[in-house]
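Note sheet for the following structure.
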Amino acid sequence: MEQEKDPIYSNDPEEKGERLPGSLPIGRLAPSPTGVLHLGNARSFLIAWLSIRQQGGRILLRIEDLDGPRVRKGATEAAIEDLQWLGLDWDGEVLIQSHFRERHDQALEDLVSRGLAYPCTCTRSEIESAASAPHESNLPSSETVYPGTCRDRWSSVEEARRVSGREAAIRLRLEGSPIPFEDRFRGSEPGHLEGDFVLRKRDGTPSYQLAVVADDAADGITEVIRADDLIPSTPRQLLLYRLFGWQPPSFAHLPLLVGPDGLRLAKRHGDTSLAHYRSQGVTPDEVVGTLASLSGLVGPGLKRMPEDLIDDFDLGRIGKDPLIWDGTRQVPGRD
Ligand code: GLU
Ligand code: ZN
C-alpha cells in the first residue's frame with residue numbers, strides 16, 4: 001500500500017487533490033480502531049456516505065490507527081464488519097493510516113525546515129502546571145493550552161533530545177489569528193485557534209491533525225462530514241492546508257448523539273455498540289431507520305437500508321440539535 005511517489009508532492013492538480021471543474025466529490029469514513037463502533041459513529045458515517053452516494057462521488061475508508069496506545073487489537077476488522085453489516089460500502093481498498101508514515105514524515109519535515117515547527121520536551125504535567133486556566137470549551141478533548149515554553153528553547157530536535165535527555169514532540173508555531181470557516185451544516189464558524197499544537201508526538205508518531213490533513217489532501221478528499229466534537233480541530237487543519245498550499249475540503253459538523261442527560265453517548269448510557277445490537281438480533285434496517293428518523297430524514301418507525309435513503313437525502317433537512325438517544329430503549333427501531 002506504500003506509494004512510490006507521494007501525490008502530495010506532485011504537481012499534477014488532480015493527484016494533489018485540487019478540485020477540477022466538474023470533478024466528482026470524494027469523501028471518507030475515518031474510524032479510529034480504538035474501540036467498537038456505536039450508534040454515534042454509525043450516524044456520522046451514514047450521513048457522510050449518503051452525501052457522497054447521492055452526488056455519485058467516491059467514498060473512501062481510512063482506518064486511523066496512529067494512536068498507538070489506544071488502538072485495540074481486532075478493532076479494525078470489527079469496524080469493517082460493522083460497516084458492511086450496516087450496508088455502508090466504500091470505493092477502493094481499505095486505507096490503513098499507519099502505512100502512510102512516510103507521507104506524514106515528509107509533511108512534518110517540510111514545516112520544520114521552514115521554521116514553522118519546533119521541538120518541545122515538556123511533559124503533560126509540566127504543561128498543565130505552566131499553563132493558565134484551561135479553555136476546555138475551545139480545545140479538542142479538553143486539552144490544556146500549551147503556554148509556549150519551548151518556542152525558542154531548542155535549536156534542533158537533536159539538541160532538544162541531547163540536552164533534555166527526553167524525546168521531543170514537535171509543535172506548530174501559531175501566529176494566533178483565528179481561521180473562520182463556513183460549515184456546510186452549521187454556517188459561519190469563528191475558527192478559534194489557540195495553543196501551539198502537536199504535529200508529532202513524543203513517541204515519534206504523527207499527530208491526528210497532521211496525519212488527517214496529509215492523508216485527506218493526498219486522497220483528494222473534497223468533503224468531510226463528521227461529528228461536531230471535532231469542530232475545534234478544524235481551524236488547526238485549515239491552517240495546515242494553508243501552510244502546505246493545499247486545497248481544503250468543505251466541512252460539515254453534525255450534532256453528536258447524546259443520552260437523555262444531554263451528555264455524549266457513552267458506556268453509562270448502556271451498550272450502544274453495533275455489535276451488541278447485532279447480537280440481540282436487531283437488524284441493520286432497524287438501526288439505519290432509527291438513525292435516519294432521529295436525523296429528520298424519514299418518519300419514525302421505518303426500516304431502511306442506507307441505499308433506500310440516497311435519493312431523498314438532503315443535508316439541510318438534518319436537525320441542528322443534538323440527537324437524544326433514550327438509553328432505556330434497548331433496541332433501535334423497536335419501542
Ligand atoms: N478518526 C477520527 C475519529 O474517529 C475522525 C477523524 C475525522 O473525521 O477527521 O475521531
Ligand atoms: Zn515544551
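Here's how to read the names in the C-alpha cells: chain A, B, ... by the order shown, residue numbers from 1 in each chain, ligand numbers from 1 in the order shown.
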Surroundings of ligand 1 up to 8 Å, based on only C-alpha atoms and all ligand atoms, as a JSON list (two decimals) with C-alpha atoms, in the first residue's frame:
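What follows is the written file part_32.json:
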[["chain", "number", "residue", "atom", "x", "y", "z"],
["A", 28, "ARG", "CA", -14.21, 9.40, 3.58],
["A", 29, "LEU", "CA", -15.19, 7.29, 6.53],
["A", 30, "ALA", "CA", -12.36, 7.54, 9.05],
["A", 31, "PRO", "CA", -12.90, 5.32, 12.08],
["A", 32, "SER", "CA", -10.21, 5.07, 14.75],
["A", 33, "PRO", "CA", -9.76, 1.43, 15.80],
["A", 41, "ASN", "CA", -20.26, 6.66, 14.78],
["A", 63, "ILE", "CA", -8.62, 3.31, 9.37],
["A", 64, "GLU", "CA", -6.96, 5.92, 11.57],
["A", 65, "ASP", "CA", -4.70, 3.70, 13.62],
["A", 208, "TYR", "CA", -4.02, 13.26, 14.29],
["A", 212, "VAL", "CA", -5.51, 13.63, 8.74],
["A", 224, "VAL", "CA", -15.56, 15.99, 5.31],
["A", 225, "ILE", "CA", -18.70, 15.21, 7.27],
["A", 226, "ARG", "CA", -18.12, 14.30, 10.90],
["A", 227, "ALA", "CA", -19.43, 14.89, 14.42],
["A", 230, "LEU", "CA", -14.14, 17.83, 16.06]]
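With only C-alpha atoms and all ligand atoms as the atoms that count, the set of residues no farther than 9 Å from ligand 2 is Pro119, Cys120, Thr121, Cys122, Thr123, Glu126, Ile127, Tyr146, Pro147, Gly148, Thr149, Cys150, Arg151, Arg153, Ala168, Ala169, Ile170 and Arg171 of chain A.
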Suppose we keep all heavy atoms; can you now write the selection as a compact mmCIF listing (two decimals), in the first residue's frame?
# COMPACT_ATOMS: atom_id res chain seq x y z
N PRO A 119 10.78 21.77 18.33
CA PRO A 119 10.74 20.67 19.28
C PRO A 119 10.28 21.12 20.67
O PRO A 119 10.59 22.23 21.09
CB PRO A 119 12.19 20.16 19.35
CG PRO A 119 13.02 21.24 18.78
CD PRO A 119 12.15 22.12 17.93
N CYS A 120 9.55 20.26 21.33
CA CYS A 120 9.04 20.55 22.68
C CYS A 120 9.31 19.32 23.55
O CYS A 120 8.92 18.21 23.19
CB CYS A 120 7.54 20.83 22.61
SG CYS A 120 6.69 20.77 24.20
N THR A 121 9.99 19.55 24.67
CA THR A 121 10.33 18.43 25.55
C THR A 121 9.47 18.41 26.81
O THR A 121 9.74 17.65 27.73
CB THR A 121 11.82 18.51 25.94
OG1 THR A 121 12.08 19.82 26.45
CG2 THR A 121 12.73 18.24 24.76
N CYS A 122 8.44 19.24 26.86
CA CYS A 122 7.59 19.30 28.05
C CYS A 122 6.80 18.00 28.23
O CYS A 122 6.32 17.42 27.27
CB CYS A 122 6.58 20.43 27.95
SG CYS A 122 7.32 22.05 27.80
N THR A 123 6.63 17.64 29.48
CA THR A 123 5.72 16.53 29.79
C THR A 123 4.32 17.12 29.98
O THR A 123 4.16 18.32 30.17
CB THR A 123 6.12 15.82 31.10
OG1 THR A 123 6.04 16.79 32.15
CG2 THR A 123 7.52 15.25 31.02
N GLU A 126 4.10 19.11 33.17
CA GLU A 126 4.77 20.42 33.08
C GLU A 126 3.88 21.42 32.36
O GLU A 126 3.78 22.58 32.74
CB GLU A 126 6.10 20.30 32.34
CG GLU A 126 7.21 19.72 33.20
CD GLU A 126 8.45 19.35 32.38
OE1 GLU A 126 8.41 19.39 31.13
OE2 GLU A 126 9.46 18.99 33.01
N ILE A 127 3.25 20.95 31.30
CA ILE A 127 2.38 21.86 30.53
C ILE A 127 1.20 22.29 31.39
O ILE A 127 0.86 23.46 31.46
CB ILE A 127 1.87 21.16 29.25
CG1 ILE A 127 3.04 20.92 28.31
CG2 ILE A 127 0.80 22.01 28.56
CD1 ILE A 127 2.73 20.03 27.14
N TYR A 146 -1.19 25.04 25.37
CA TYR A 146 0.27 24.96 25.55
C TYR A 146 0.82 26.38 25.71
O TYR A 146 0.58 27.25 24.87
CB TYR A 146 0.90 24.26 24.34
CG TYR A 146 2.39 24.19 24.46
CD1 TYR A 146 2.98 23.42 25.46
CD2 TYR A 146 3.23 24.91 23.61
CE1 TYR A 146 4.35 23.36 25.59
CE2 TYR A 146 4.59 24.86 23.73
CZ TYR A 146 5.16 24.09 24.73
OH TYR A 146 6.52 24.04 24.87
N PRO A 147 1.56 26.64 26.80
CA PRO A 147 1.99 28.01 27.08
C PRO A 147 3.19 28.49 26.27
O PRO A 147 3.64 29.63 26.46
CB PRO A 147 2.32 27.97 28.57
CG PRO A 147 2.67 26.55 28.85
CD PRO A 147 1.92 25.70 27.87
N GLY A 148 3.73 27.66 25.40
CA GLY A 148 4.81 28.13 24.53
C GLY A 148 6.21 28.01 25.13
O GLY A 148 7.16 28.62 24.62
N THR A 149 6.31 27.22 26.19
CA THR A 149 7.58 27.10 26.92
C THR A 149 8.79 26.83 26.01
O THR A 149 9.86 27.40 26.22
CB THR A 149 7.47 25.93 27.93
OG1 THR A 149 6.17 25.96 28.52
CG2 THR A 149 8.55 25.99 28.99
N CYS A 150 8.65 25.97 25.03
CA CYS A 150 9.82 25.55 24.23
C CYS A 150 9.95 26.33 22.92
O CYS A 150 10.81 25.99 22.11
CB CYS A 150 9.73 24.06 23.92
SG CYS A 150 9.79 23.02 25.38
N ARG A 151 9.15 27.35 22.75
CA ARG A 151 9.15 28.08 21.46
C ARG A 151 10.53 28.45 20.96
O ARG A 151 10.86 28.24 19.80
CB ARG A 151 8.32 29.35 21.60
CG ARG A 151 6.92 29.15 21.09
CD ARG A 151 6.23 30.46 20.89
NE ARG A 151 5.13 30.22 19.96
CZ ARG A 151 4.63 31.12 19.14
NH1 ARG A 151 5.09 32.34 19.13
NH2 ARG A 151 3.66 30.80 18.33
N ARG A 153 13.45 27.60 22.68
CA ARG A 153 14.32 26.95 23.65
C ARG A 153 15.40 26.11 23.00
O ARG A 153 16.52 26.05 23.49
CB ARG A 153 13.43 26.07 24.51
CG ARG A 153 14.06 25.51 25.75
CD ARG A 153 12.94 24.84 26.53
NE ARG A 153 13.36 24.30 27.79
CZ ARG A 153 12.53 23.60 28.59
NH1 ARG A 153 11.28 23.39 28.20
NH2 ARG A 153 12.96 23.13 29.72
N ALA A 168 11.63 14.51 21.97
CA ALA A 168 10.89 15.76 21.80
C ALA A 168 9.64 15.55 20.95
O ALA A 168 9.66 14.78 19.98
CB ALA A 168 11.77 16.81 21.13
N ALA A 169 8.59 16.24 21.33
CA ALA A 169 7.43 16.35 20.43
C ALA A 169 7.75 17.50 19.47
O ALA A 169 8.71 18.23 19.67
CB ALA A 169 6.18 16.67 21.24
N ILE A 170 6.96 17.63 18.42
CA ILE A 170 7.12 18.77 17.53
C ILE A 170 5.80 19.53 17.49
O ILE A 170 4.73 18.92 17.31
CB ILE A 170 7.51 18.33 16.11
CG1 ILE A 170 8.75 17.44 16.22
CG2 ILE A 170 7.70 19.54 15.19
CD1 ILE A 170 9.87 17.71 15.35
N ARG A 171 5.87 20.82 17.69
CA ARG A 171 4.67 21.65 17.71
C ARG A 171 4.70 22.70 16.61
O ARG A 171 5.77 23.16 16.22
CB ARG A 171 4.55 22.40 19.05
CG ARG A 171 4.25 21.50 20.20
CD ARG A 171 4.15 22.29 21.50
NE ARG A 171 3.89 21.38 22.61
CZ ARG A 171 2.67 21.02 23.00
NH1 ARG A 171 1.60 21.53 22.41
NH2 ARG A 171 2.51 20.17 23.99
Do a neighbour search on Leu60 (chain A) at 9 Å with only C-alpha atoms, toss out local chain neighbours closer than 3 positions, and write the hits as an mmCIF file with N, CA, C and O atoms, in the first residue's frame.
data_model
loop_
_atom_site.group_PDB
_atom_site.id
_atom_site.type_symbol
_atom_site.label_atom_id
_atom_site.label_comp_id
_atom_site.auth_asym_id
_atom_site.auth_seq_id
_atom_site.Cartn_x
_atom_site.Cartn_y
_atom_site.Cartn_z
ATOM 1 N N ILE A 26 -15.261 13.602 -3.327
ATOM 2 C CA ILE A 26 -14.664 12.436 -2.663
ATOM 3 C C ILE A 26 -14.788 12.653 -1.157
ATOM 4 O O ILE A 26 -14.402 13.699 -0.647
ATOM 5 N N GLY A 27 -15.352 11.682 -0.495
ATOM 6 C CA GLY A 27 -15.497 11.756 0.959
ATOM 7 C C GLY A 27 -14.777 10.595 1.606
ATOM 8 O O GLY A 27 -14.150 9.775 0.928
ATOM 9 N N ARG A 28 -14.845 10.539 2.903
ATOM 10 C CA ARG A 28 -14.210 9.402 3.579
ATOM 11 C C ARG A 28 -14.911 9.061 4.878
ATOM 12 O O ARG A 28 -15.554 9.882 5.518
ATOM 13 N N LEU A 29 -14.789 7.766 5.219
ATOM 14 C CA LEU A 29 -15.193 7.290 6.531
ATOM 15 C C LEU A 29 -13.859 7.048 7.233
ATOM 16 O O LEU A 29 -12.994 6.391 6.682
ATOM 17 N N ALA A 30 -13.691 7.619 8.435
ATOM 18 C CA ALA A 30 -12.362 7.545 9.055
ATOM 19 C C ALA A 30 -12.431 7.057 10.501
ATOM 20 O O ALA A 30 -12.129 7.805 11.428
ATOM 21 N N ASP A 89 -20.822 0.865 2.091
ATOM 22 C CA ASP A 89 -19.676 0.345 1.350
ATOM 23 C C ASP A 89 -18.706 1.493 1.070
ATOM 24 O O ASP A 89 -18.943 2.627 1.468
ATOM 25 N N TRP A 90 -17.614 1.199 0.414
ATOM 26 C CA TRP A 90 -16.614 2.229 0.095
ATOM 27 C C TRP A 90 -15.930 1.848 -1.194
ATOM 28 O O TRP A 90 -16.066 0.717 -1.675
ATOM 29 N N ASP A 91 -15.229 2.824 -1.750
ATOM 30 C CA ASP A 91 -14.592 2.625 -3.050
ATOM 31 C C ASP A 91 -13.101 2.376 -2.858
ATOM 32 O O ASP A 91 -12.428 3.110 -2.137
ATOM 33 N N GLY A 92 -12.616 1.374 -3.510
ATOM 34 C CA GLY A 92 -11.191 1.066 -3.436
ATOM 35 C C GLY A 92 -10.852 0.281 -2.183
ATOM 36 O O GLY A 92 -11.726 -0.084 -1.394
ATOM 37 N N GLU A 93 -9.549 0.055 -2.016
ATOM 38 C CA GLU A 93 -9.131 -0.767 -0.883
ATOM 39 C C GLU A 93 -9.199 0.030 0.416
ATOM 40 O O GLU A 93 -9.241 1.259 0.406
ATOM 41 N N VAL A 94 -9.195 -0.686 1.512
ATOM 42 C CA VAL A 94 -9.198 -0.035 2.820
ATOM 43 C C VAL A 94 -7.825 0.626 3.017
ATOM 44 O O VAL A 94 -6.792 -0.009 2.806
ATOM 45 N N LEU A 95 -7.825 1.891 3.379
ATOM 46 C CA LEU A 95 -6.567 2.601 3.593
ATOM 47 C C LEU A 95 -6.218 2.526 5.083
ATOM 48 O O LEU A 95 -7.054 2.852 5.930
ATOM 49 N N ASP A 219 -5.460 11.981 -0.638
ATOM 50 C CA ASP A 219 -6.569 11.175 -1.149
ATOM 51 C C ASP A 219 -7.555 12.012 -1.964
ATOM 52 O O ASP A 219 -8.558 11.490 -2.438
ATOM 53 N N ILE A 221 -9.632 14.304 -0.912
ATOM 54 C CA ILE A 221 -10.932 14.441 -0.234
ATOM 55 C C ILE A 221 -11.484 15.853 -0.468
ATOM 56 O O ILE A 221 -10.782 16.842 -0.246
#
Can you list every residue in region 6-155 of chain A that DSSP puts in helix (DSSP H, G or I), as an MDAnalysis selection string?
chainID A and resid 7:9 13:16 39:55 68:70 75:86 97:113 124:130 136:138 140:142
What would the file look like if the residues just selected were written as a PDB file, in the first residue's frame with C-alpha atoms?
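Dumped everything to part.pdb:
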ATOM      1  CA  PRO A   7       0.828  12.586  -4.663  1.00  0.00           C
ATOM      2  CA  ILE A   8       1.108  15.476  -2.200  1.00  0.00           C
ATOM      3  CA  TYR A   9       4.352  16.492  -3.768  1.00  0.00           C
ATOM      4  CA  PRO A  13      -3.513  19.148  -9.680  1.00  0.00           C
ATOM      5  CA  GLU A  14      -5.609  16.036  -9.963  1.00  0.00           C
ATOM      6  CA  GLU A  15      -3.140  13.981  -7.922  1.00  0.00           C
ATOM      7  CA  LYS A  16      -2.771  16.766  -5.404  1.00  0.00           C
ATOM      8  CA  LEU A  39     -24.686   4.382  17.214  1.00  0.00           C
ATOM      9  CA  GLY A  40     -22.925   7.767  17.247  1.00  0.00           C
ATOM     10  CA  ASN A  41     -20.257   6.657  14.784  1.00  0.00           C
ATOM     11  CA  ALA A  42     -22.858   4.922  12.668  1.00  0.00           C
ATOM     12  CA  ARG A  43     -24.898   8.100  12.334  1.00  0.00           C
ATOM     13  CA  SER A  44     -21.891  10.216  11.186  1.00  0.00           C
ATOM     14  CA  PHE A  45     -20.801   7.528   8.744  1.00  0.00           C
ATOM     15  CA  LEU A  46     -24.317   7.138   7.396  1.00  0.00           C
ATOM     16  CA  ILE A  47     -24.621  10.864   6.650  1.00  0.00           C
ATOM     17  CA  ALA A  48     -21.109  11.131   5.157  1.00  0.00           C
ATOM     18  CA  TRP A  49     -21.872   8.116   2.970  1.00  0.00           C
ATOM     19  CA  LEU A  50     -25.306   9.374   1.868  1.00  0.00           C
ATOM     20  CA  SER A  51     -23.954  12.753   0.868  1.00  0.00           C
ATOM     21  CA  ILE A  52     -21.347  11.201  -1.418  1.00  0.00           C
ATOM     22  CA  ARG A  53     -23.561   8.458  -2.822  1.00  0.00           C
ATOM     23  CA  GLN A  54     -26.247  10.970  -3.689  1.00  0.00           C
ATOM     24  CA  GLN A  55     -23.765  13.074  -5.641  1.00  0.00           C
ATOM     25  CA  GLY A  68      -0.723   3.565  19.322  1.00  0.00           C
ATOM     26  CA  PRO A  69      -1.583   3.118  22.997  1.00  0.00           C
ATOM     27  CA  ARG A  70      -5.319   3.355  22.322  1.00  0.00           C
ATOM     28  CA  ALA A  75     -10.890  -3.262  16.176  1.00  0.00           C
ATOM     29  CA  THR A  76     -10.078  -2.664  12.502  1.00  0.00           C
ATOM     30  CA  GLU A  77     -11.642  -5.937  11.424  1.00  0.00           C
ATOM     31  CA  ALA A  78     -14.610  -5.287  13.710  1.00  0.00           C
ATOM     32  CA  ALA A  79     -15.162  -1.805  12.244  1.00  0.00           C
ATOM     33  CA  ILE A  80     -15.094  -3.180   8.708  1.00  0.00           C
ATOM     34  CA  GLU A  81     -17.549  -5.893   9.661  1.00  0.00           C
ATOM     35  CA  ASP A  82     -19.867  -3.375  11.356  1.00  0.00           C
ATOM     36  CA  LEU A  83     -19.857  -1.045   8.349  1.00  0.00           C
ATOM     37  CA  GLN A  84     -20.615  -3.916   5.995  1.00  0.00           C
ATOM     38  CA  TRP A  85     -23.391  -5.116   8.256  1.00  0.00           C
ATOM     39  CA  LEU A  86     -24.907  -1.625   8.277  1.00  0.00           C
ATOM     40  CA  GLN A  97      -3.240   5.296   8.030  1.00  0.00           C
ATOM     41  CA  SER A  98      -0.102   3.853   9.613  1.00  0.00           C
ATOM     42  CA  HIS A  99       1.022   2.641   6.170  1.00  0.00           C
ATOM     43  CA  PHE A 100       1.473   6.251   5.112  1.00  0.00           C
ATOM     44  CA  ARG A 101       4.047   7.262   7.682  1.00  0.00           C
ATOM     45  CA  GLU A 102       6.454   8.407   5.007  1.00  0.00           C
ATOM     46  CA  ARG A 103       3.889  10.910   3.772  1.00  0.00           C
ATOM     47  CA  HIS A 104       3.299  12.237   7.303  1.00  0.00           C
ATOM     48  CA  ASP A 105       7.026  12.489   7.999  1.00  0.00           C
ATOM     49  CA  GLN A 106       7.616  14.370   4.753  1.00  0.00           C
ATOM     50  CA  ALA A 107       4.872  16.849   5.572  1.00  0.00           C
ATOM     51  CA  LEU A 108       6.324  17.358   9.040  1.00  0.00           C
ATOM     52  CA  GLU A 109       9.818  17.815   7.672  1.00  0.00           C
ATOM     53  CA  ASP A 110       8.500  20.465   5.333  1.00  0.00           C
ATOM     54  CA  LEU A 111       7.126  22.530   8.242  1.00  0.00           C
ATOM     55  CA  VAL A 112      10.243  22.027  10.370  1.00  0.00           C
ATOM     56  CA  SER A 113      12.586  23.049   7.565  1.00  0.00           C
ATOM     57  CA  ARG A 124       1.978  16.677  30.166  1.00  0.00           C
ATOM     58  CA  SER A 125       2.238  17.668  33.836  1.00  0.00           C
ATOM     59  CA  GLU A 126       4.768  20.422  33.083  1.00  0.00           C
ATOM     60  CA  ILE A 127       2.380  21.855  30.531  1.00  0.00           C
ATOM     61  CA  GLU A 128      -0.525  21.675  32.940  1.00  0.00           C
ATOM     62  CA  SER A 129       1.334  23.404  35.748  1.00  0.00           C
ATOM     63  CA  ALA A 130       2.768  26.111  33.464  1.00  0.00           C
ATOM     64  CA  GLU A 136     -11.584  23.466  27.556  1.00  0.00           C
ATOM     65  CA  SER A 137     -14.561  24.625  25.571  1.00  0.00           C
ATOM     66  CA  ASN A 138     -12.398  25.700  22.671  1.00  0.00           C
ATOM     67  CA  PRO A 140     -10.002  19.428  21.240  1.00  0.00           C
ATOM     68  CA  SER A 141     -10.758  16.960  24.044  1.00  0.00           C
ATOM     69  CA  SER A 142     -10.285  19.472  26.880  1.00  0.00           C
TER      70      SER A 142
END
Which residues come within 10 Å of Tyr241 (chain A), counting only C-alpha atoms, excluding same-chain residues fewer than 5 positions away, as an mmCIF file with C-alpha atoms, in the first residue's frame?
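As a result, out-v5.cif now contains:
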data_model
loop_
_atom_site.group_PDB
_atom_site.id
_atom_site.type_symbol
_atom_site.label_atom_id
_atom_site.label_comp_id
_atom_site.auth_asym_id
_atom_site.auth_seq_id
_atom_site.Cartn_x
_atom_site.Cartn_y
_atom_site.Cartn_z
ATOM 1 C CA LEU A 210 -1.033 16.398 10.784
ATOM 2 C CA VAL A 213 -4.593 16.686 6.660
ATOM 3 C CA ALA A 214 -1.763 14.959 4.798
ATOM 4 C CA ALA A 217 -5.083 16.041 0.765
ATOM 5 C CA PRO A 235 -9.172 25.636 12.239
ATOM 6 C CA ARG A 236 -5.984 23.712 13.026
ATOM 7 C CA TRP A 246 -3.263 22.593 -0.417
ATOM 8 C CA GLN A 247 -6.927 22.989 -1.250
ATOM 9 C CA PRO A 248 -9.006 22.161 1.846
ATOM 10 C CA PRO A 249 -12.183 20.091 1.663
#
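Relative to CA of Pro332 (chain A), CA of Val288 (chain A) is found at 8.5 Å.
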May I have all residues of region 77-195 of chain A that DSSP, computed from the backbone, assigns to strand (DSSP E or B), given as a list in words?
Leu95, Ile96, Ala117, Tyr118, Pro119, Cys120, Ala169, Ile170, Arg171, Leu172, Phe181, Glu182, Asp183, Gly187, Ser188 and Glu189 of chain A
Give me the residues near Lys303 (chain A) as a PDB file with C-alpha atoms, in the first residue's frame, where near means some atom within 10 Å (using only C-alpha atoms) and where sequence neighbours in that chain fewer than 3 positions away do not count.
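Below is the file around.pdb, written as the result:
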ATOM      1  CA  THR A 283     -31.404  -5.821  12.007  1.00  0.00           C
ATOM      2  CA  PRO A 284     -29.391  -3.167  10.143  1.00  0.00           C
ATOM      3  CA  ASP A 285     -32.537  -1.666   8.624  1.00  0.00           C
ATOM      4  CA  GLU A 286     -33.838  -1.075  12.151  1.00  0.00           C
ATOM      5  CA  VAL A 287     -30.635   0.689  13.184  1.00  0.00           C
ATOM      6  CA  VAL A 288     -30.405   2.740   9.993  1.00  0.00           C
ATOM      7  CA  GLY A 289     -34.130   3.534  10.017  1.00  0.00           C
ATOM      8  CA  THR A 290     -33.851   4.790  13.595  1.00  0.00           C
ATOM      9  CA  ALA A 292     -32.454   8.338   9.768  1.00  0.00           C
ATOM     10  CA  SER A 293     -35.605   9.173  11.680  1.00  0.00           C
ATOM     11  CA  VAL A 298     -37.616   9.779   7.427  1.00  0.00           C
ATOM     12  CA  GLY A 299     -40.601   9.379   9.688  1.00  0.00           C
ATOM     13  CA  PRO A 300     -40.373   7.305  12.870  1.00  0.00           C
ATOM     14  CA  ASP A 308     -33.026   3.419   0.386  1.00  0.00           C
ATOM     15  CA  GLY A 333     -36.432   0.906  15.886  1.00  0.00           C
TER      16      GLY A 333
END
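Across the structure, CA of Phe185 (chain A) and CA of Gly35 (chain A) are spaced 27.3 Å apart.
Remark: for Glu143 (chain A), the closest of the candidate residues A:Tyr118, A:Phe313, A:Phe197, A:Phe181 is A:Phe197 (distances computed over only C-alpha atoms).
Shortest atom-to-atom contact with Tyr277 (chain A) among A:Leu174, A:Leu193, A:Arg334, A:Val163: A:Arg334, counting only C-alpha atoms.
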Counting only C-alpha atoms, which of A:Gly165, A:Gly316, A:Pro322, A:Gly195 gets nearest to Thr144 (chain A)?
A:Gly195
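Of the residues listed (A:Gly191, A:Arg202, A:His38, A:Glu182), A:Arg202 shows the shortest atom-to-atom separation from Arg161 (chain A); distances use only C-alpha atoms.
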